[in-house]
Amino acid sequence: MKKRFVLGALAVVVLTQAGCATDVKSVPLAAAAGQSRGGVPVYFGQQDHPPVTANLGEVSYSARIARKVSSPDDACHEALAEAVQKLRAAAHERNANAVIDVSTRFHSTKTDSSTDFTCGVSPSAAAVAVSGQLVVLQAN
């Protein structure tokens, strides 16, 4: 009887935890991901940018958003948008006019790509961490 109870309890735990794992994804960047949209431009990976006149240091932020009904990729894009907004706010505060060499990561999986980003997504949330260099770029 005791053995059945333990096996039953174990089965309940396994069934309740099924589908709760976080999936680490590589998601294509949206075409407008680095566009300034009236703010500070953000350059992912090794994207071309004007020459740097001053480097103001590295910053790193993360964002975790609750998943609504959106697809995993949409949730990842929402998390990335929130994290990039934090980069832009930091640039504005420190008088930088751009953020370059932006990389993304989720736990130990890191991406320095100019076309994709790394995101962790579960049935309940999406999360991403971003880091980059705050710089002053030469004006055109």
# chains A, B, ... in the order shown; residues from 1 in each chain; ligands from 1
$ closest_atom_pairs --of "range 99-137 of chain A" --to "range 76-83 of chain A" --cutoff "8 Å" --atoms "only C-alpha atoms" --output "JSON lines"
{"residue": "A:Cys119", "atom": "CA", "partner": "A:Cys76", "partner_atom": "CA", "distance": 5.9}
{"residue": "A:Gly120", "atom": "CA", "partner": "A:Cys76", "partner_atom": "CA", "distance": 7.5}
{"residue": "A:Val121", "atom": "CA", "partner": "A:Cys76", "partner_atom": "CA", "distance": 7.0}
{"residue": "A:Ala126", "atom": "CA", "partner": "A:Cys76", "partner_atom": "CA", "distance": 5.6}
{"residue": "A:Ala127", "atom": "CA", "partner": "A:Ala79", "partner_atom": "CA", "distance": 5.8}
{"residue": "A:Val128", "atom": "CA", "partner": "A:Ala79", "partner_atom": "CA", "distance": 6.2}
{"residue": "A:Ala129", "atom": "CA", "partner": "A:Ala83", "partner_atom": "CA", "distance": 6.9}
{"residue": "A:Val130", "atom": "CA", "partner": "A:Ala83", "partner_atom": "CA", "distance": 6.5}
$ atom_distance --atom1 "CA of Phe106 in chain A" --atom2 "CA of Pro41 in chain A"
22.8 Å
$ select_by_dssp --residues "range 72-131 of chain A" --states "strand (DSSP E)" --output "list in words"
Ala98, Val99, Ile100, Asp101, Val102, Ser103, Thr104, Arg105, Phe106, Thr109, Lys110, Thr111, Asp116, Phe117, Thr118, Cys119, Gly120, Val121, Ala125, Ala126, Ala127, Val128, Ala129, Val130 and Ser131 of chain A
$ write_last_selection --atoms "C-alpha atoms" --output "mmCIF file, in the first residue's frame"
data_model
loop_
_atom_site.group_PDB
_atom_site.id
_atom_site.type_symbol
_atom_site.label_atom_id
_atom_site.label_comp_id
_atom_site.auth_asym_id
_atom_site.auth_seq_id
_atom_site.Cartn_x
_atom_site.Cartn_y
_atom_site.Cartn_z
ATOM 1 C CA ALA A 98 24.033 54.646 -29.503
ATOM 2 C CA VAL A 99 24.418 51.157 -28.070
ATOM 3 C CA ILE A 100 26.728 48.881 -30.066
ATOM 4 C CA ASP A 101 27.928 45.261 -29.903
ATOM 5 C CA VAL A 102 24.637 44.166 -28.355
ATOM 6 C CA SER A 103 24.518 40.499 -27.409
ATOM 7 C CA THR A 104 21.654 38.459 -26.001
ATOM 8 C CA ARG A 105 21.596 35.509 -23.668
ATOM 9 C CA PHE A 106 19.449 33.228 -21.611
ATOM 10 C CA THR A 109 23.383 30.406 -23.974
ATOM 11 C CA LYS A 110 24.741 33.605 -25.528
ATOM 12 C CA THR A 111 24.338 35.086 -29.023
ATOM 13 C CA ASP A 116 19.110 36.355 -34.304
ATOM 14 C CA PHE A 117 18.710 36.614 -30.542
ATOM 15 C CA THR A 118 18.555 34.095 -27.707
ATOM 16 C CA CYS A 119 15.432 33.863 -25.571
ATOM 17 C CA GLY A 120 14.078 31.537 -22.922
ATOM 18 C CA VAL A 121 10.365 30.813 -23.193
ATOM 19 C CA ALA A 125 6.874 33.615 -19.458
ATOM 20 C CA ALA A 126 9.610 34.738 -21.834
ATOM 21 C CA ALA A 127 12.968 36.123 -20.744
ATOM 22 C CA VAL A 128 16.074 37.578 -22.334
ATOM 23 C CA ALA A 129 19.200 39.387 -21.129
ATOM 24 C CA VAL A 130 20.974 41.993 -23.252
ATOM 25 C CA SER A 131 24.348 43.676 -22.929
#
$ residues_around --residues "range 44-52 of chain A" --least-positions-apart "2" --cutoff "8 Å" --atoms "only C-alpha atoms" --output "ChimeraX atom specification"
/A:34,42,54-55,100-103,112-115,135-140
$ write_last_selection --atoms "C-alpha atoms" --output "JSON list (two decimals), in the first residue's frame"
[["chain", "number", "residue", "atom", "x", "y", "z"],
["A", 34, "GLY", "CA", 17.81, 48.29, -34.16],
["A", 42, "VAL", "CA", 20.90, 49.88, -31.10],
["A", 54, "ALA", "CA", 33.77, 57.89, -27.04],
["A", 55, "ASN", "CA", 33.08, 54.64, -25.19],
["A", 100, "ILE", "CA", 26.73, 48.88, -30.07],
["A", 101, "ASP", "CA", 27.93, 45.26, -29.90],
["A", 102, "VAL", "CA", 24.64, 44.17, -28.35],
["A", 103, "SER", "CA", 24.52, 40.50, -27.41],
["A", 112, "ASP", "CA", 26.46, 37.84, -30.57],
["A", 113, "SER", "CA", 24.48, 37.72, -33.81],
["A", 114, "SER", "CA", 23.22, 40.63, -35.89],
["A", 115, "THR", "CA", 20.34, 38.50, -37.23],
["A", 135, "VAL", "CA", 29.00, 54.96, -27.05],
["A", 136, "VAL", "CA", 29.03, 58.32, -28.72],
["A", 137, "LEU", "CA", 29.11, 57.86, -32.48],
["A", 138, "GLN", "CA", 30.51, 60.35, -34.92],
["A", 139, "ALA", "CA", 27.72, 62.50, -36.37],
["A", 140, "ASN", "CA", 27.12, 62.17, -40.09]]
$ closest_residue --among "A:Leu56, A:Ala63, A:Leu29, A:Val84" --to "Leu134 in chain A" --atoms "only C-alpha atoms"
A:Leu56
$ atom_distance --atom1 "CA of Pro123 in chain A" --atom2 "CA of Val27 in chain A"
16.6 Å
$ select_by_dssp --residues "range 53-140 of chain A" --states "helix (DSSP H, G or I)" --output "number ranges by chain"
A: 72-93
$ atom_distance --atom1 "CA of Ala96 in chain A" --atom2 "CA of Val59 in chain A"
11.8 Å
